[in-house]
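target_23.pdb follows (PDB, C-alpha atoms):
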ATOM      1  CA  MET A1097       2.329  20.320   5.551
ATOM      2  CA  LYS A1098       0.134  20.439   2.423
ATOM      3  CA  THR A1099      -0.491  23.930   1.122
ATOM      4  CA  ILE A1100      -2.400  25.451  -1.776
ATOM      5  CA  ALA A1101       0.926  26.029  -3.559
ATOM      6  CA  GLU A1102       1.405  22.273  -3.657
ATOM      7  CA  LEU A1103      -1.974  21.929  -5.342
ATOM      8  CA  GLN A1104      -0.687  24.136  -8.149
ATOM      9  CA  ALA A1105       2.292  21.812  -8.580
ATOM     10  CA  LEU A1106      -0.033  18.810  -8.635
ATOM     11  CA  ARG A1107      -2.192  20.479 -11.270
ATOM     12  CA  ASP A1108       0.810  21.105 -13.518
ATOM     13  CA  GLU A1109       1.882  17.494 -13.106
ATOM     14  CA  MET A1110      -1.614  16.185 -13.864
ATOM     15  CA  LYS A1111      -2.201  18.362 -16.898
ATOM     16  CA  GLU A1112       0.585  16.431 -18.605
ATOM     17  CA  LYS A1113      -1.178  13.126 -18.236
ATOM     18  CA  VAL A1114      -4.925  13.482 -17.846
ATOM     19  CA  GLY A1115      -7.627  14.559 -20.205
ATOM     20  CA  VAL A1116     -11.061  15.685 -19.133
ATOM     21  CA  ARG A1117     -13.197  12.646 -18.466
ATOM     22  CA  LYS A1118     -16.962  12.786 -18.745
ATOM     23  CA  ASP A1119     -19.326  10.638 -16.727
ATOM     24  CA  GLY A1120     -20.215   8.195 -19.526
ATOM     25  CA  GLU A1121     -16.579   7.460 -20.288
ATOM     26  CA  TYR A1122     -15.813   5.412 -17.200
ATOM     27  CA  ARG A1123     -15.269   1.689 -17.698
ATOM     28  CA  MET A1124     -16.844   0.944 -14.358
ATOM     29  CA  ARG A1125     -18.894   2.771 -11.740
ATOM     30  CA  ILE A1126     -18.839   1.808  -8.056
ATOM     31  CA  LEU A1127     -21.807   3.235  -6.135
ATOM     32  CA  VAL A1128     -21.979   3.083  -2.346
ATOM     33  CA  GLY A1129     -25.366   3.540  -0.621
ATOM     34  CA  MET A1130     -25.004   6.728   1.401
ATOM     35  CA  ALA A1131     -28.411   7.343   2.978
ATOM     36  CA  THR A1132     -28.956   7.303   6.767
ATOM     37  CA  CYS A1133     -29.232   3.492   6.779
ATOM     38  CA  GLY A1134     -25.996   3.039   4.812
ATOM     39  CA  ILE A1135     -24.039   5.597   6.845
ATOM     40  CA  ALA A1136     -25.215   4.098  10.165
ATOM     41  CA  ALA A1137     -24.201   0.625   8.957
ATOM     42  CA  GLY A1138     -20.685   1.761   8.023
ATOM     43  CA  ALA A1139     -20.833   2.927   4.382
ATOM     44  CA  ARG A1140     -18.331   5.756   4.817
ATOM     45  CA  PRO A1141     -15.265   3.598   5.616
ATOM     46  CA  VAL A1142     -16.325   1.273   2.779
ATOM     47  CA  LEU A1143     -16.392   4.150   0.300
ATOM     48  CA  SER A1144     -13.077   5.363   1.650
ATOM     49  CA  ALA A1145     -11.553   1.896   1.194
ATOM     50  CA  PHE A1146     -12.727   1.823  -2.447
ATOM     51  CA  MET A1147     -11.266   5.302  -3.040
ATOM     52  CA  LYS A1148      -7.893   4.287  -1.605
ATOM     53  CA  GLU A1149      -7.809   1.006  -3.550
ATOM     54  CA  ILE A1150      -8.628   2.816  -6.826
ATOM     55  CA  GLU A1151      -5.928   5.423  -6.057
ATOM     56  CA  THR A1152      -3.312   2.788  -5.232
ATOM     57  CA  ARG A1153      -4.003   0.796  -8.384
ATOM     58  CA  LYS A1154      -4.261   4.016 -10.450
ATOM     59  CA  LEU A1155      -7.527   2.893 -12.042
ATOM     60  CA  SER A1156      -8.329   6.217 -13.713
ATOM     61  CA  ASP A1157     -11.162   4.672 -15.747
ATOM     62  CA  VAL A1158     -13.150   3.684 -12.643
ATOM     63  CA  VAL A1159     -15.282   6.128 -10.653
ATOM     64  CA  VAL A1160     -16.362   5.735  -7.032
ATOM     65  CA  SER A1161     -19.525   7.590  -6.089
ATOM     66  CA  GLN A1162     -22.638   7.399  -3.949
ATOM     67  CA  THR A1163     -26.261   6.494  -4.287
ATOM     68  CA  GLY A1164     -29.240   6.916  -1.970
ATOM     69  CA  CYS A1165     -31.336   4.336  -0.143
ATOM     70  CA  ILE A1166     -32.518   1.646  -2.548
ATOM     71  CA  GLY A1167     -34.902   0.131  -0.012
ATOM     72  CA  ILE A1168     -32.879  -2.836   1.233
ATOM     73  CA  CYS A1169     -31.671  -1.217   4.461
ATOM     74  CA  GLN A1170     -31.201  -4.595   6.179
ATOM     75  CA  PHE A1171     -28.374  -5.393   3.723
ATOM     76  CA  GLU A1172     -26.406  -2.154   4.217
ATOM     77  CA  PRO A1173     -23.668  -1.283   3.514
ATOM     78  CA  VAL A1174     -24.733  -1.956  -0.066
ATOM     79  CA  VAL A1175     -22.419  -1.410  -3.042
ATOM     80  CA  GLU A1176     -23.536  -1.516  -6.677
ATOM     81  CA  ILE A1177     -20.970  -2.006  -9.413
ATOM     82  CA  TYR A1178     -21.951  -1.130 -12.976
ATOM     83  CA  ASP A1179     -19.810  -2.643 -15.724
ATOM     84  CA  SER A1180     -19.350  -0.755 -19.010
ATOM     85  CA  ASP A1181     -22.141  -2.794 -20.647
ATOM     86  CA  GLY A1182     -24.568  -1.712 -17.903
ATOM     87  CA  THR A1183     -24.501  -5.013 -15.998
ATOM     88  CA  LYS A1184     -25.104  -4.358 -12.307
ATOM     89  CA  THR A1185     -23.733  -6.430  -9.438
ATOM     90  CA  THR A1186     -25.092  -5.733  -5.936
ATOM     91  CA  TYR A1187     -22.794  -6.459  -2.997
ATOM     92  CA  VAL A1188     -24.289  -6.520   0.504
ATOM     93  CA  HIS A1189     -22.968  -6.224   4.062
ATOM     94  CA  VAL A1190     -19.751  -4.840   2.600
ATOM     95  CA  THR A1191     -16.878  -4.049   4.977
ATOM     96  CA  PRO A1192     -13.551  -2.316   4.272
ATOM     97  CA  GLU A1193     -11.897  -5.756   4.630
ATOM     98  CA  LYS A1194     -13.906  -7.100   1.664
ATOM     99  CA  VAL A1195     -12.988  -4.195  -0.617
ATOM    100  CA  PRO A1196      -9.504  -5.319  -1.845
ATOM    101  CA  LYS A1197     -10.938  -8.665  -2.993
ATOM    102  CA  ILE A1198     -13.853  -6.999  -4.822
ATOM    103  CA  VAL A1199     -11.478  -4.595  -6.575
ATOM    104  CA  ALA A1200      -8.917  -7.260  -7.497
ATOM    105  CA  GLN A1201     -11.355  -9.902  -8.633
ATOM    106  CA  HIS A1202     -14.243  -7.870 -10.081
ATOM    107  CA  VAL A1203     -13.027  -4.385 -10.969
ATOM    108  CA  VAL A1204      -9.637  -5.436 -12.337
ATOM    109  CA  ASN A1205     -10.317  -8.959 -13.620
ATOM    110  CA  GLY A1206     -14.033  -8.776 -14.376
ATOM    111  CA  ASN A1207     -15.144 -11.679 -12.187
ATOM    112  CA  PRO A1208     -17.753 -10.717  -9.552
ATOM    113  CA  VAL A1209     -17.150 -12.031  -6.023
ATOM    114  CA  VAL A1210     -20.295 -14.167  -5.905
ATOM    115  CA  GLU A1211     -20.104 -14.952  -2.183
ATOM    116  CA  TYR A1212     -20.523 -11.228  -1.292
ATOM    117  CA  THR A1213     -23.459 -10.589  -3.650
ATOM    118  CA  ILE A1214     -27.098 -10.170  -2.659
ATOM    119  CA  GLY A1215     -27.926 -13.393  -4.526
ATOM    120  CA  ALA A1216     -25.693 -15.403  -2.198
ATOM    121  CA  ASN A1217     -26.858 -13.599   0.957
ATOM    122  CA  ALA A1218     -30.609 -13.039   0.574
ATOM    123  CA  LYS A1219     -32.582 -15.435   2.725
TER     124      LYS A1219
ATOM    125  CA  MET B1409     -28.122   5.748  15.889
ATOM    126  CA  MET B1410     -24.783   6.842  14.473
ATOM    127  CA  GLN B1411     -21.512   5.875  16.152
ATOM    128  CA  GLU B1412     -19.936   9.301  15.788
ATOM    129  CA  LEU B1413     -20.978  12.909  15.140
ATOM    130  CA  SER B1414     -19.108  13.088  11.857
ATOM    131  CA  MET B1415     -21.475  10.431  10.488
ATOM    132  CA  ASN B1416     -24.432  12.606  11.493
ATOM    133  CA  ILE B1417     -22.737  15.485   9.670
ATOM    134  CA  LEU B1418     -22.346  13.333   6.538
ATOM    135  CA  ASP B1419     -25.993  12.327   6.720
ATOM    136  CA  VAL B1420     -27.282  15.876   7.236
ATOM    137  CA  ALA B1421     -25.036  17.191   4.441
ATOM    138  CA  GLU B1422     -26.495  14.530   2.137
ATOM    139  CA  ASN B1423     -29.864  16.233   2.675
ATOM    140  CA  SER B1424     -28.260  19.428   1.340
ATOM    141  CA  VAL B1425     -27.011  17.475  -1.696
ATOM    142  CA  ARG B1426     -30.515  16.191  -2.386
ATOM    143  CA  ALA B1427     -31.848  19.742  -1.927
ATOM    144  CA  GLY B1428     -29.847  20.707  -5.018
ATOM    145  CA  ALA B1429     -27.353  22.921  -3.168
ATOM    146  CA  GLY B1430     -24.461  24.426  -5.104
ATOM    147  CA  LEU B1431     -22.619  25.402  -1.929
ATOM    148  CA  ILE B1432     -22.560  23.552   1.387
ATOM    149  CA  GLU B1433     -20.762  25.021   4.399
ATOM    150  CA  ILE B1434     -19.796  22.827   7.334
ATOM    151  CA  THR B1435     -18.350  24.297  10.521
ATOM    152  CA  VAL B1436     -17.060  22.383  13.537
ATOM    153  CA  ASP B1437     -16.301  24.829  16.323
ATOM    154  CA  GLU B1438     -14.746  23.532  19.541
ATOM    155  CA  GLN B1439     -14.535  25.947  22.479
ATOM    156  CA  PRO B1440     -13.137  24.074  25.516
ATOM    157  CA  SER B1441     -13.111  27.210  27.671
ATOM    158  CA  GLU B1442     -16.886  27.473  27.227
ATOM    159  CA  ASP B1443     -17.388  23.681  27.191
ATOM    160  CA  ILE B1444     -19.209  23.889  23.837
ATOM    161  CA  LEU B1445     -18.897  22.017  20.560
ATOM    162  CA  SER B1446     -20.986  23.610  17.810
ATOM    163  CA  ILE B1447     -21.656  22.017  14.450
ATOM    164  CA  THR B1448     -23.347  23.902  11.621
ATOM    165  CA  VAL B1449     -24.340  22.637   8.173
ATOM    166  CA  SER B1450     -25.757  25.300   5.867
ATOM    167  CA  ASP B1451     -26.682  25.149   2.199
ATOM    168  CA  ASN B1452     -28.191  27.205  -0.607
ATOM    169  CA  GLY B1453     -30.500  24.397  -1.722
ATOM    170  CA  CYS B1454     -34.233  24.441  -2.338
ATOM    171  CA  GLY B1455     -35.144  24.901   1.331
ATOM    172  CA  MET B1456     -38.258  23.619   3.066
ATOM    173  CA  THR B1457     -41.833  24.782   3.419
ATOM    174  CA  ALA B1458     -43.128  25.728   6.866
ATOM    175  CA  GLU B1459     -44.960  22.368   7.006
ATOM    176  CA  GLN B1460     -41.825  20.363   6.134
ATOM    177  CA  LEU B1461     -39.799  22.371   8.639
ATOM    178  CA  ALA B1462     -42.351  21.729  11.388
ATOM    179  CA  ASN B1463     -42.121  17.982  10.760
ATOM    180  CA  VAL B1464     -38.431  17.583  10.013
ATOM    181  CA  THR B1465     -37.476  16.427  13.501
ATOM    182  CA  ASP B1466     -40.252  13.792  13.478
ATOM    183  CA  PRO B1467     -38.637  10.418  12.656
ATOM    184  CA  PHE B1468     -41.812   9.247  10.938
ATOM    185  CA  PHE B1469     -41.775  12.102   8.464
ATOM    186  CA  THR B1470     -39.840  11.881   5.214
ATOM    187  CA  THR B1471     -40.088  13.291   1.710
ATOM    188  CA  ARG B1472     -38.699  10.045   0.314
ATOM    189  CA  SER B1473     -40.720   7.192  -1.121
ATOM    190  CA  THR B1474     -38.362   4.213  -0.643
ATOM    191  CA  ARG B1475     -39.196   3.989   3.057
ATOM    192  CA  LYS B1476     -41.479   5.541   5.638
ATOM    193  CA  VAL B1477     -38.988   6.965   8.118
ATOM    194  CA  GLY B1478     -36.565   9.893   7.983
ATOM    195  CA  LEU B1479     -34.025   9.510  10.724
ATOM    196  CA  GLY B1480     -31.130  11.778   9.748
ATOM    197  CA  VAL B1481     -32.236  15.038  11.369
ATOM    198  CA  PRO B1482     -33.894  13.368  14.423
ATOM    199  CA  PHE B1483     -30.658  11.439  15.122
ATOM    200  CA  PHE B1484     -28.596  14.625  15.008
ATOM    201  CA  LYS B1485     -31.059  16.462  17.266
ATOM    202  CA  MET B1486     -31.091  13.560  19.713
ATOM    203  CA  ALA B1487     -27.283  13.448  19.813
ATOM    204  CA  ALA B1488     -27.176  17.154  20.735
ATOM    205  CA  GLU B1489     -29.890  16.914  23.362
ATOM    206  CA  LEU B1490     -28.396  13.787  24.955
ATOM    207  CA  SER B1491     -25.273  15.799  25.750
ATOM    208  CA  GLY B1492     -27.328  18.546  27.368
ATOM    209  CA  GLY B1493     -27.029  20.735  24.289
ATOM    210  CA  CYS B1494     -29.587  22.053  21.821
ATOM    211  CA  PHE B1495     -30.562  21.904  18.174
ATOM    212  CA  ASP B1496     -31.950  24.403  15.692
ATOM    213  CA  ILE B1497     -32.970  24.273  12.045
ATOM    214  CA  GLN B1498     -33.933  27.252   9.891
ATOM    215  CA  SER B1499     -35.062  27.040   6.299
ATOM    216  CA  THR B1500     -36.491  29.257   3.584
ATOM    217  CA  VAL B1501     -37.899  27.950   0.320
ATOM    218  CA  GLY B1502     -35.622  28.951  -2.534
ATOM    219  CA  LYS B1503     -32.832  30.147  -0.229
ATOM    220  CA  GLY B1504     -31.598  27.169   1.722
ATOM    221  CA  THR B1505     -31.320  25.557   5.106
ATOM    222  CA  VAL B1506     -29.136  26.018   8.194
ATOM    223  CA  VAL B1507     -28.834  23.159  10.679
ATOM    224  CA  ALA B1508     -27.061  23.963  13.941
ATOM    225  CA  ALA B1509     -26.343  21.594  16.817
ATOM    226  CA  HIS B1510     -24.644  22.593  20.060
ATOM    227  CA  PHE B1511     -23.120  19.963  22.335
ATOM    228  CA  VAL B1512     -21.831  20.113  25.891
ATOM    229  CA  LEU B1513     -18.210  19.236  25.147
ATOM    230  CA  SER B1514     -17.412  17.489  28.434
ATOM    231  CA  SER B1515     -20.687  15.544  28.718
ATOM    232  CA  ILE B1516     -20.165  11.820  29.145
ATOM    233  CA  ASP B1517     -23.161  11.344  26.846
ATOM    234  CA  ARG B1518     -21.629  13.369  23.999
ATOM    235  CA  MET B1519     -20.773  11.180  21.053
ATOM    236  CA  PRO B1520     -17.171  11.497  19.840
ATOM    237  CA  LEU B1521     -16.658  13.716  16.809
ATOM    238  CA  GLY B1522     -15.001  10.797  15.013
ATOM    239  CA  ASN B1523     -13.370  10.947  11.610
ATOM    240  CA  ILE B1524     -14.634  14.299  10.346
ATOM    241  CA  ASN B1525     -11.918  14.465   7.695
ATOM    242  CA  GLU B1526     -13.199  11.251   6.100
ATOM    243  CA  THR B1527     -16.700  12.766   6.071
ATOM    244  CA  ILE B1528     -15.458  15.884   4.263
ATOM    245  CA  CYS B1529     -13.386  13.819   1.770
ATOM    246  CA  THR B1530     -16.393  11.587   1.056
ATOM    247  CA  LEU B1531     -18.676  14.558   0.418
ATOM    248  CA  ILE B1532     -16.228  16.285  -1.915
ATOM    249  CA  HIS B1533     -15.347  13.087  -3.780
ATOM    250  CA  CYS B1534     -18.955  12.004  -4.328
ATOM    251  CA  ASN B1535     -20.250  15.448  -5.277
ATOM    252  CA  PRO B1536     -17.599  17.009  -7.510
ATOM    253  CA  SER B1537     -20.006  19.589  -8.936
ATOM    254  CA  ILE B1538     -20.921  21.006  -5.494
ATOM    255  CA  ASP B1539     -18.704  23.445  -3.611
ATOM    256  CA  PHE B1540     -17.892  22.856   0.035
ATOM    257  CA  VAL B1541     -16.462  25.195   2.656
ATOM    258  CA  TYR B1542     -15.250  23.321   5.706
ATOM    259  CA  ARG B1543     -14.094  25.163   8.817
ATOM    260  CA  ARG B1544     -12.643  23.542  11.882
ATOM    261  CA  ARG B1545     -12.098  25.838  14.826
ATOM    262  CA  LEU B1546     -10.359  25.207  18.119
ATOM    263  CA  GLU B1547     -10.446  28.211  20.459
ATOM    264  CA  ASN B1548      -9.234  31.087  18.260
ATOM    265  CA  SER B1549      -7.430  29.002  15.645
ATOM    266  CA  GLU B1550      -9.011  27.551  12.553
ATOM    267  CA  ILE B1551      -8.378  25.682   9.341
ATOM    268  CA  VAL B1552     -10.455  26.260   6.225
ATOM    269  CA  LEU B1553     -10.894  24.150   3.135
ATOM    270  CA  ASP B1554     -12.771  25.933   0.346
ATOM    271  CA  THR B1555     -13.266  23.863  -2.804
ATOM    272  CA  ARG B1556     -13.908  27.043  -4.804
ATOM    273  CA  GLU B1557     -10.289  27.958  -4.196
ATOM    274  CA  PHE B1558      -9.169  24.441  -5.179
ATOM    275  CA  ARG B1559     -11.328  24.551  -8.304
ATOM    276  CA  ARG B1560      -9.847  27.881  -9.380
ATOM    277  CA  ILE B1561      -6.372  26.375  -9.265
ATOM    278  CA  LEU B1562      -7.306  23.033 -10.827
ATOM    279  CA  GLY B1563      -9.164  24.462 -13.836
ATOM    280  CA  ASN B1564     -10.821  21.611 -15.732
ATOM    281  CA  ILE B1565      -9.402  18.864 -13.496
ATOM    282  CA  GLU B1566     -12.276  17.348 -11.498
ATOM    283  CA  LEU B1567     -12.204  17.330  -7.688
ATOM    284  CA  ASN B1568     -12.861  13.564  -7.646
ATOM    285  CA  THR B1569      -9.776  12.679  -9.673
ATOM    286  CA  PRO B1570      -7.822  10.123  -7.574
ATOM    287  CA  ASP B1571      -4.704  12.328  -7.228
ATOM    288  CA  VAL B1572      -6.812  15.312  -6.140
ATOM    289  CA  SER B1573      -8.784  13.185  -3.658
ATOM    290  CA  ARG B1574      -5.528  12.036  -2.110
ATOM    291  CA  PHE B1575      -4.279  15.639  -1.933
ATOM    292  CA  ILE B1576      -7.478  16.759  -0.188
ATOM    293  CA  ARG B1577      -7.186  13.904   2.320
ATOM    294  CA  ASP B1578      -3.536  14.722   3.090
ATOM    295  CA  PHE B1579      -4.319  18.451   3.249
ATOM    296  CA  LEU B1580      -7.015  17.844   5.863
ATOM    297  CA  THR B1581      -4.981  15.330   7.858
ATOM    298  CA  GLU B1582      -1.875  17.492   8.085
ATOM    299  CA  ASN B1583      -3.687  20.758   8.811
ATOM    300  CA  THR B1584      -5.920  19.128  11.428
ATOM    301  CA  GLU B1585      -2.903  17.621  13.194
ATOM    302  CA  GLU B1586      -1.326  21.045  13.322
ATOM    303  CA  LEU B1587      -4.537  22.669  14.599
ATOM    304  CA  LEU B1588      -5.025  20.099  17.341
ATOM    305  CA  SER B1589      -1.385  20.197  18.412
ATOM    306  CA  GLY B1590      -1.736  23.930  18.968
ATOM    307  CA  LYS B1591       0.916  24.865  16.419
ATOM    308  CA  LYS B1592      -1.505  26.623  14.097
ATOM    309  CA  SER B1593      -1.032  30.372  14.417
ATOM    310  CA  GLU B1594      -4.032  32.370  15.524
TER     311      GLU B1594
END
Structure encoded using structure tokens:
Amino acid sequence: MKTIAELQALRDEMKEKVGVRKDGEYRMRILVGMATCGIAAGARPVLSAFMKEIETRKLSDVVVSQTGCIGICQFEPVVEIYDSDGTKTTYVHVTPEKVPKIVAQHVVNGNPVVEYTIGANAK
Amino acid sequence: MMQELSMNILDVAENSVRAGAGLIEITVDEQPSEDILSITVSDNGCGMTAEQLANVTDPFFTTRSTRKVGLGVPFFKMAAELSGGCFDIQSTVGKGTVVAAHFVLSSIDRMPLGNINETICTLIHCNPSIDFVYRRRLENSEIVLDTREFRRILGNIELNTPDVSRFIRDFLTENTEELLSGKKSE
């Protein structure tokens, strides 16, 4: 079972390889809408799927975080991805099943998954 | 309507985040012998005025401008009352807010607790500058996760670093399993 002592070991291991990263230094930011509308629509497992995918691929220059309600509740769960040049892509009706494709195609290779974007889904 | 109580907890704790809290304490206390499940979310955020507090359980009251409804607290209150339980919220401007919901554990209308560990991991990961104390009690046994303790050990390593997030998730999973299996010492 995990104990605090194991956290100390992890810290010693990490100190060897990581520097302190500040917010502006991330190559990409993934923001999941986490207001009442997003949570009720299933944002939490989506955020969790992004976290696990980023961990598995060891993408230390990508941060997963949350944002509030941006006023398009009917499209929740909504995920915004900001590239390093500030370009924003808005994904709508995101499910955990869609996350590996978004990470592989957009986050790793830089090509947004157009079919999941708001532009392809807004009627 | 949320599918599980842990989503209500996430939603209510997000209010504490927006209230500028530096410390958020979440307690899930299950007492089968008394047939009670109590959930408390308390923070040291900006608190609410008497007028805000009087309106906070009204779904058509919100302090936000992106929409005209505020459903988080009313949903949580409704979930408690549907089970035959009760709900209470106390707040003081400049000191913080305490939200407490009590559920009748065996009620057929009580929503399942759901994945509370994922709620706690999400809150810690998304708010690395806020401290969280999470307590899960079952009868007289309990597990506690205090990010202040984690932070003291980690030094300048952020709590949302992928390796730390994974550690926190495993820590919660393993300790919860032990608590629920009854192996955790009292």
Which residues of chain B come within 7 Å of chain A, and for each one, what is the closest pair of atoms and their distance in Å to one decimal, counting only C-alpha atoms, sorted by chain and residue number, as CSV?
residue,atom,partner,partner_atom,distance
B:Met1409,CA,A:Ala1136,CA,6.6
B:Met1410,CA,A:Ala1136,CA,5.1
B:Met1415,CA,A:Ile1135,CA,6.6
B:Asp1419,CA,A:Thr1132,CA,5.8
B:Thr1474,CA,A:Gly1167,CA,5.4
B:Arg1475,CA,A:Gly1167,CA,6.5
B:Leu1479,CA,A:Thr1132,CA,6.8
B:Gly1480,CA,A:Thr1132,CA,5.8
B:Cys1534,CA,A:Ser1161,CA,4.8
B:Ile1561,CA,A:Gln1104,CA,6.2
B:Leu1562,CA,A:Arg1107,CA,5.7
B:Asn1564,CA,A:Val1116,CA,6.8
B:Ile1565,CA,A:Val1116,CA,6.7
B:Pro1570,CA,A:Glu1151,CA,5.3
B:Asp1578,CA,A:Lys1098,CA,6.8
B:Phe1579,CA,A:Lys1098,CA,4.9
B:Glu1582,CA,A:Met1097,CA,5.7
B:Asn1583,CA,A:Met1097,CA,6.9
How far is it from atom CA of B:Phe1484 to atom CA of B:Glu1422, in Å with one decimal?
13.0 Å
Can you tell me, as number ranges by chain, what residues are no more than 10 Å from stretch 1181-1194 of chain A when counting all atoms listed in the file, ignoring any on the same chain fewer than 4 positions away?
A: 1123-1128, 1134, 1137-1146, 1168-1177, 1198-1199, 1202, 1208-1218
Just say which residues the PyMOL selection byres ((chain B and resi 1544) around 6) picks in this file, as a list in words.
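Expected selection for the PyMOL selection byres ((chain B and resi 1544) around 6) here is Thr1435, Val1436, Asp1437, Arg1543, Arg1545, Glu1550 and Ile1551 of chain B.
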For a test of reading the model, state the distance in Å between atom CA of B:Leu1490 and atom CA of B:Thr1505, rounded to one decimal.
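It comes out at 23.3 Å.
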Please write as a ChimeraX atom specification the full residue list that the PyMOL selection byres ((chain B and resi 1421) around 10) yields on this file.
/B:1415-1420,1422-1427,1429,1432-1434,1448-1451,1480,1507,1527-1528,1531
In terms of the shortest atom-to-atom distance over only C-alpha atoms, which of A:Val1195, A:Gln1201, A:Asp1157, A:Tyr1178 is closest to A:Glu1121?
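Among A:Val1195, A:Gln1201, A:Asp1157, A:Tyr1178, it is A:Asp1157 that comes nearest to A:Glu1121.
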In Å, rounded to a single decimal, give me how far atom CA of B:Asn1463 is from atom CA of B:Val1506.
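Taking atom CA of B:Val1506 as the start and atom CA of B:Asn1463 as the end point, the length is 15.5 Å.
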